[in-house]
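What follows is a short report on a single structure.
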Amino acid sequence: MRTQYDTIGARYAEAKTTAASAAADTHTLRGALEALGGVHGLDTLDLACGYGYTTRLLAHAGARRTVGLDISERMIALARAHAPSEEAPGATPSGAAIEYVVGDAAEMPQLGPFHLATAVHLFNYAPDRAALHGMFRSIRANLRPGGRLLAIVPNAGAFPHHDWSPYGLRILGRHPAGDAPLLRAQFLTDPPVSFEFREWAHADFAEAAVEAGFATVGWQPARTPPPDADRDEAFWAAYRARPISSLMTCAA
């Protein structure tokens, strides 16, 4: 799974900006950041940063320092190519520089310490339990005492019972393999883009967080944006009944 996003490349940006599930993830994360009092003046780390969507969100929300890390060289190149002012509607640029780093979150060097780390769909790419635990240990080692981790993680057990196609994601198959089942999926761009990830249970994430030394672990349901002409309240109510993701919160 190390290189699949090198192949997906710019198509991921299309999925991120058009899929309803991505809009729900962003709304959920924004709500969590607001509940913490924002990020103004904080040092922040965005893991599995992709083309830098959340990294730029943190920088424009006033973070003092923002670092985005991703294992894909292609995604980091795309992140560096994006203008810093993009995709932060209503935000005021802080003037802080954004640093992008190619690296494996399971073997992350000391980049911090940071007050806050975000991880949007990182842990589901851990290929085995050792890598999953390594990710949480690396994050914990890069956080200040009292620092926070906000992670958007997929909900397990939906396939084949629920159809997530209306929200921009289709699960094609589930294959028992290794420490966690392997899910074959597609981003429903035009044309669709195939990718794979692991179906870890929330209990696996919590176990890894506690083993890494996080003092508290909590969960929050997905939040959805206000309805509009394209996605009415019935659309979002159906999503909230069977959401793709949840918010995991950890305190160091």
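Ordering of the structure tokens sets the chain letters (A, B, ...), residue numbers begin anew at 1 in every chain, and ligands are numbered from 1 in the order given.
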
Can you list, as a list in words, every protein, DNA or RNA residue that comes within 10 Å of Asn155 (chain A) when you count only C-alpha atoms, leaving out same-chain residues fewer than 3 positions away?
->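 Selected residues are Asn124, Ile152, Ala158, Glu199, Trp200, Ala201, His202, Arg242, Pro243, Ile244, Ser245, Ser246 and Leu247 of chain A.
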
Write out as a PyMOL selection string all residues of region 64-225 of chain A that backbone DSSP assigns to helix (DSSP H, G or I).
-> chain A and resi 73-81+105-107+123-125+129-141+165-167+202-212

Considering only C-alpha atoms, tabulate each residue of region 213-247 of chain A that lies at most 10 Å from region 140-149 of chain A along with its nearest interatomic pair and the corresponding distance in Å to one decimal; arrange the rows by chain and ascending residue number and present them as CSV.
residue,atom,partner,partner_atom,distance
A:Gly213,CA,A:Arg140,CA,7.0
A:Phe214,CA,A:Arg140,CA,6.9
A:Ala215,CA,A:Gly146,CA,8.8
A:Thr216,CA,A:Arg148,CA,9.7
A:Val217,CA,A:Leu149,CA,9.4

Write a file of the just-selected residues containing N, CA and C atoms, as a PDB file, in the first residue's frame.
ATOM      1  N   GLY A 213       0.798   5.452  25.099  1.00  0.00           N
ATOM      2  CA  GLY A 213       0.921   6.374  26.223  1.00  0.00           C
ATOM      3  C   GLY A 213      -0.069   7.514  26.241  1.00  0.00           C
ATOM      4  N   PHE A 214      -1.083   7.479  25.375  1.00  0.00           N
ATOM      5  CA  PHE A 214      -2.123   8.511  25.454  1.00  0.00           C
ATOM      6  C   PHE A 214      -2.937   8.299  26.729  1.00  0.00           C
ATOM      7  N   ALA A 215      -3.222   9.404  27.407  1.00  0.00           N
ATOM      8  CA  ALA A 215      -3.902   9.321  28.702  1.00  0.00           C
ATOM      9  C   ALA A 215      -5.391   9.065  28.547  1.00  0.00           C
ATOM     10  N   THR A 216      -6.007   9.636  27.511  1.00  0.00           N
ATOM     11  CA  THR A 216      -7.439   9.438  27.294  1.00  0.00           C
ATOM     12  C   THR A 216      -7.705   9.173  25.822  1.00  0.00           C
ATOM     13  N   VAL A 217      -8.742   8.389  25.564  1.00  0.00           N
ATOM     14  CA  VAL A 217      -9.200   8.095  24.206  1.00  0.00           C
ATOM     15  C   VAL A 217     -10.711   8.266  24.180  1.00  0.00           C
TER      16      VAL A 217
END

When distances are computed from only C-alpha atoms, which of A:Val193, A:Ala105, A:Ala24, A:Ala35 shows the smallest separation from Arg137 (chain A)?
->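 Among the listed residues, A:Ala105 lies closest to Arg137 (chain A).
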
Find the residues around Ser72 (chain A) up to 12 Å (only C-alpha atoms counted), leave out those fewer than 6 positions away in its own chain, and share them as a ChimeraX atom specification.
-> /A:1-10,47-52,78-79,100-105

Could you give me, as a PyMOL selection string, each residue of region 10-216 of chain A that DSSP assigns to strand (DSSP E or B) when run on this structure's backbone?
-> chain A and resi 43-47+65-70+98-102+114-120+143-154+169-175+182-187+193-198+216

One decimal place gives the CA of Glu207 (chain A)-CA of Pro221 (chain A) separation as 19.2 Å

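Between Trp236 (chain A) and the residues A:Arg184, A:Ser21, A:Arg11, A:Lys16, the shortest atom-to-atom distance, using only C-alpha atoms, involves A:Ser21.
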
Pick from A:Ala23, A:Leu33, A:Ala81, A:Ala61, whichever lies nearest to Thr118 (chain A) using only C-alpha atoms |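 Looking only at the distances to Thr118 (chain A), the closest residue turns out to be A:Leu33.
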
Leu36 (chain A) surroundings by only C-alpha atoms, 12 Å radius, close-in-sequence under 6 positions cut, as a list in words =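 Here the answer would be Leu29, Arg30, Leu42, His115, Leu116, Gly147, Arg148, Leu149, Leu150, Thr249 and Ala251 of chain A.
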